[in-house]
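A short worksheet on the structure shown next.
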Amino acid sequence: MKNSLLILPFLLFFYITALADNTKSYKLPDLRVQFLEASQNSKAGREFHKLMSDYEDNNPVVLAYKAVSEAIMAKHVWNPYMKMKHLQRSSEIFEQAVQLDAVNPEIRFLRFTVEHYVPRYLNMSNNLEDDKAKIIAGLERHPKSGLSNDMARDIRDFMLTKDHCTEQEKRKIKSIPI
């Protein structure tokens with residue numbers, strides 16, 4: 001009986017710990033939704049950045065979302081120094097994500113979207129062509145590329161808008177069945 005009483009505090013501690021949900025969610029479907037909202041809304045952008053700033057693991061796709069959260073903060077802050085600081089941090093994290101998974105089309109797409117909208121005079125858009133090639137190759141490999149159908153469609157639709165691709169690349173992308 002005495003031994004049982006000694007174990008009780010430990011069991012109680014583990015029970016309370018198991019019930020408390022102090023973990024943050026880094027599930028890709030959730031991150032994709034949060035990313036879209038954060039890119040359009042300053043408050044959501046700050047919340048997304050706070051969530052992603054706490055991420056410490058090495059999942060390359062989640063790291064890419066961490067990188068894009070830095071770029072989103074650059075969009076939402078007014079201080080030019082802070083804008084550059086966030087963009088540089090974004091670039092560093094993207095490099096880490098690409099090193100971990102160089103062919104992942106989602107990572108390349110996220111970096112492409114950031115670099116495409118960064119002013120060219122900042123000289124921070126050096127990966128556009130390589131990323132675009134990996135994105136198109138990933139779409140061609142779909143569904144074996146690891147992209148969900150929804151994500152593949154979203155990427156395809158984005159790449160077909162504006163000046164993201166040449167006409168020849170757009171024809172190639174349009175011919176990909178998704």
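Residues are named by chain letter and number: chains run A, B, ... in the order of the structure tokens, numbers start at 1 in each chain, and ligands are numbered from 1 in the order shown.
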
List as a tab-separated table every residue of stretch 81-117 of chain A that is in contact with stretch 30-46 of chain A, defined as an atom at most 12 Å from one of its atoms (using only C-alpha atoms), together with the nearest atom pair and the distance in Å rounded to one decimal, sorted by chain and then rising number.
```
residue	atom	partner	partner_atom	distance
A:Glu106	CA	A:Arg32	CA	10.3
A:Ile107	CA	A:Arg32	CA	11.9
A:Leu110	CA	A:Phe35	CA	10.0
A:Thr113	CA	A:Ser39	CA	11.1
A:Val114	CA	A:Ser39	CA	10.6
```

| field | Selection: 8 Å around A:Leu147, only C-alpha atoms, excl. self and same-chain fewer than 4 positions, as an MDAnalysis selection string | value | chainID A and resid 105:106 142:143 151:152

| Can you list, as a PyMOL selection string, every protein, DNA or RNA residue that comes within 12 Å of A:Ala67 when you count only C-alpha atoms, leaving out same-chain residues fewer than 5 positions away? | chain A and resi 35+48-49+51-53+55+60-62+72-74+86-98+107-108+110-115

Would you mind exporting the chosen residues as a compact mmCIF listing (two decimals), in the first residue's frame, restricted to C-alpha atoms?
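Now in out_23.txt:
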```txt
# COMPACT_ATOMS: atom_id res chain seq x y z
CA PHE A 35 0.07 30.45 -44.90
CA PHE A 48 1.79 32.42 -38.24
CA HIS A 49 5.28 33.80 -37.72
CA LEU A 51 3.92 29.66 -34.48
CA MET A 52 6.67 28.93 -36.99
CA SER A 53 9.39 30.71 -34.98
CA TYR A 55 9.57 25.17 -34.81
CA PRO A 60 12.07 20.13 -44.79
CA VAL A 61 8.55 21.12 -45.85
CA VAL A 62 7.71 22.54 -42.43
CA ILE A 72 5.48 37.26 -44.72
CA MET A 73 6.75 39.26 -41.77
CA ALA A 74 8.92 41.26 -44.17
CA HIS A 86 13.27 38.86 -42.27
CA LEU A 87 14.08 38.29 -45.95
CA GLN A 88 17.63 37.20 -45.13
CA ARG A 89 16.38 34.84 -42.43
CA SER A 90 13.84 33.47 -44.90
CA SER A 91 16.58 32.82 -47.43
CA GLU A 92 18.74 31.01 -44.87
CA ILE A 93 15.90 28.75 -43.78
CA PHE A 94 14.93 28.00 -47.40
CA GLU A 95 18.52 26.94 -48.08
CA GLN A 96 18.34 24.56 -45.13
CA ALA A 97 15.02 23.11 -46.36
CA VAL A 98 16.33 22.66 -49.92
CA ILE A 107 9.50 23.60 -50.94
CA ARG A 108 10.58 24.92 -54.32
CA LEU A 110 7.21 28.33 -51.59
CA ARG A 111 10.69 29.70 -52.28
CA PHE A 112 9.67 30.60 -55.83
CA THR A 113 6.68 32.60 -54.62
CA VAL A 114 8.85 34.55 -52.19
CA GLU A 115 11.68 35.21 -54.63
```

| field | Polymer residues at most 12 Å from A:Asp157, only C-alpha atoms, same-chain spacing of 2 or more positions, as a list in words | value |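 Counting only C-alpha atoms, the residues come to Phe109, Ile136, Leu139, Asp150, Met151, Ala152, Arg153, Asp154, Ile155, Met159, Leu160, Thr161, Lys162, His164, Cys165, Lys170, Ile173, Lys174, Ile176 and Ile178 of chain A.
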
Print the selection's residues with N, CA, C and O atoms to a file, as a compact mmCIF listing (two decimals), in the first residue's frame.
```txt
# COMPACT_ATOMS: atom_id res chain seq x y z
N PHE A 109 8.25 25.56 -54.60
CA PHE A 109 7.16 26.48 -54.90
C PHE A 109 7.11 27.62 -53.88
O PHE A 109 6.97 28.79 -54.25
N ILE A 136 7.90 22.34 -62.03
CA ILE A 136 7.31 21.71 -63.21
C ILE A 136 7.58 20.20 -63.21
O ILE A 136 6.69 19.40 -63.48
N LEU A 139 5.27 18.61 -60.76
CA LEU A 139 3.91 18.50 -61.31
C LEU A 139 3.83 17.35 -62.31
O LEU A 139 2.84 16.62 -62.35
N ASP A 150 -5.00 18.70 -54.35
CA ASP A 150 -5.33 20.12 -54.15
C ASP A 150 -4.08 21.00 -54.24
O ASP A 150 -4.11 22.05 -54.88
N MET A 151 -3.00 20.57 -53.61
CA MET A 151 -1.78 21.37 -53.64
C MET A 151 -1.22 21.43 -55.06
O MET A 151 -0.78 22.49 -55.51
N ALA A 152 -1.25 20.31 -55.76
CA ALA A 152 -0.76 20.29 -57.14
C ALA A 152 -1.58 21.24 -58.01
O ALA A 152 -1.03 21.98 -58.83
N ARG A 153 -2.91 21.24 -57.83
CA ARG A 153 -3.76 22.16 -58.59
C ARG A 153 -3.46 23.62 -58.25
O ARG A 153 -3.39 24.48 -59.12
N ASP A 154 -3.29 23.89 -56.96
CA ASP A 154 -2.98 25.26 -56.54
C ASP A 154 -1.66 25.74 -57.13
O ASP A 154 -1.55 26.88 -57.60
N ILE A 155 -0.66 24.88 -57.10
CA ILE A 155 0.64 25.23 -57.68
C ILE A 155 0.50 25.45 -59.18
O ILE A 155 1.00 26.44 -59.72
N MET A 159 1.24 28.95 -61.16
CA MET A 159 2.29 29.03 -62.18
C MET A 159 1.75 29.50 -63.53
O MET A 159 2.49 30.06 -64.34
N LEU A 160 0.47 29.28 -63.76
CA LEU A 160 -0.14 29.70 -65.03
C LEU A 160 -0.56 31.17 -65.03
O LEU A 160 -0.92 31.70 -66.08
N THR A 161 -0.53 31.82 -63.89
CA THR A 161 -0.93 33.23 -63.83
C THR A 161 0.26 34.15 -64.07
O THR A 161 1.41 33.75 -63.89
N LYS A 162 -0.05 35.33 -64.48
CA LYS A 162 0.92 36.43 -64.65
C LYS A 162 2.14 35.99 -65.44
O LYS A 162 2.03 35.24 -66.40
N HIS A 164 4.79 34.23 -64.38
CA HIS A 164 5.57 33.23 -63.65
C HIS A 164 6.29 32.27 -64.59
O HIS A 164 7.34 31.74 -64.23
N CYS A 165 5.71 32.03 -65.76
CA CYS A 165 6.28 31.07 -66.71
C CYS A 165 6.24 31.64 -68.12
O CYS A 165 5.43 32.53 -68.42
N LYS A 170 4.01 27.31 -69.85
CA LYS A 170 2.57 27.27 -69.54
C LYS A 170 1.87 26.17 -70.32
O LYS A 170 1.02 25.47 -69.78
N ILE A 173 2.69 22.92 -68.62
CA ILE A 173 1.97 22.78 -67.35
C ILE A 173 0.49 22.46 -67.61
O ILE A 173 -0.09 21.62 -66.91
N LYS A 174 -0.10 23.13 -68.60
CA LYS A 174 -1.52 22.88 -68.91
C LYS A 174 -1.76 21.44 -69.35
O LYS A 174 -2.84 20.90 -69.14
N ILE A 176 -0.38 18.81 -68.16
CA ILE A 176 -0.19 17.86 -67.05
C ILE A 176 -1.54 17.50 -66.44
O ILE A 176 -2.24 18.40 -65.96
N ILE A 178 -3.96 16.60 -63.70
CA ILE A 178 -4.01 16.61 -62.23
C ILE A 178 -5.46 16.40 -61.81
O ILE A 178 -6.34 17.03 -62.24
```

| task | May I ask for the distance between atom CA of A:Val77 and atom CA of A:Tyr117, given in Å to one decimal place? | result |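 According to the coordinates, atom CA of A:Val77 and atom CA of A:Tyr117 are separated by 15.7 Å.
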
| Which residue out of A:Lys144, A:Glu70, A:Leu63, A:Asn126 has the minimum interatomic distance to A:Leu100 when only C-alpha atoms are used? |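 Ranking A:Lys144, A:Glu70, A:Leu63, A:Asn126 by distance to A:Leu100, first place goes to A:Leu63.
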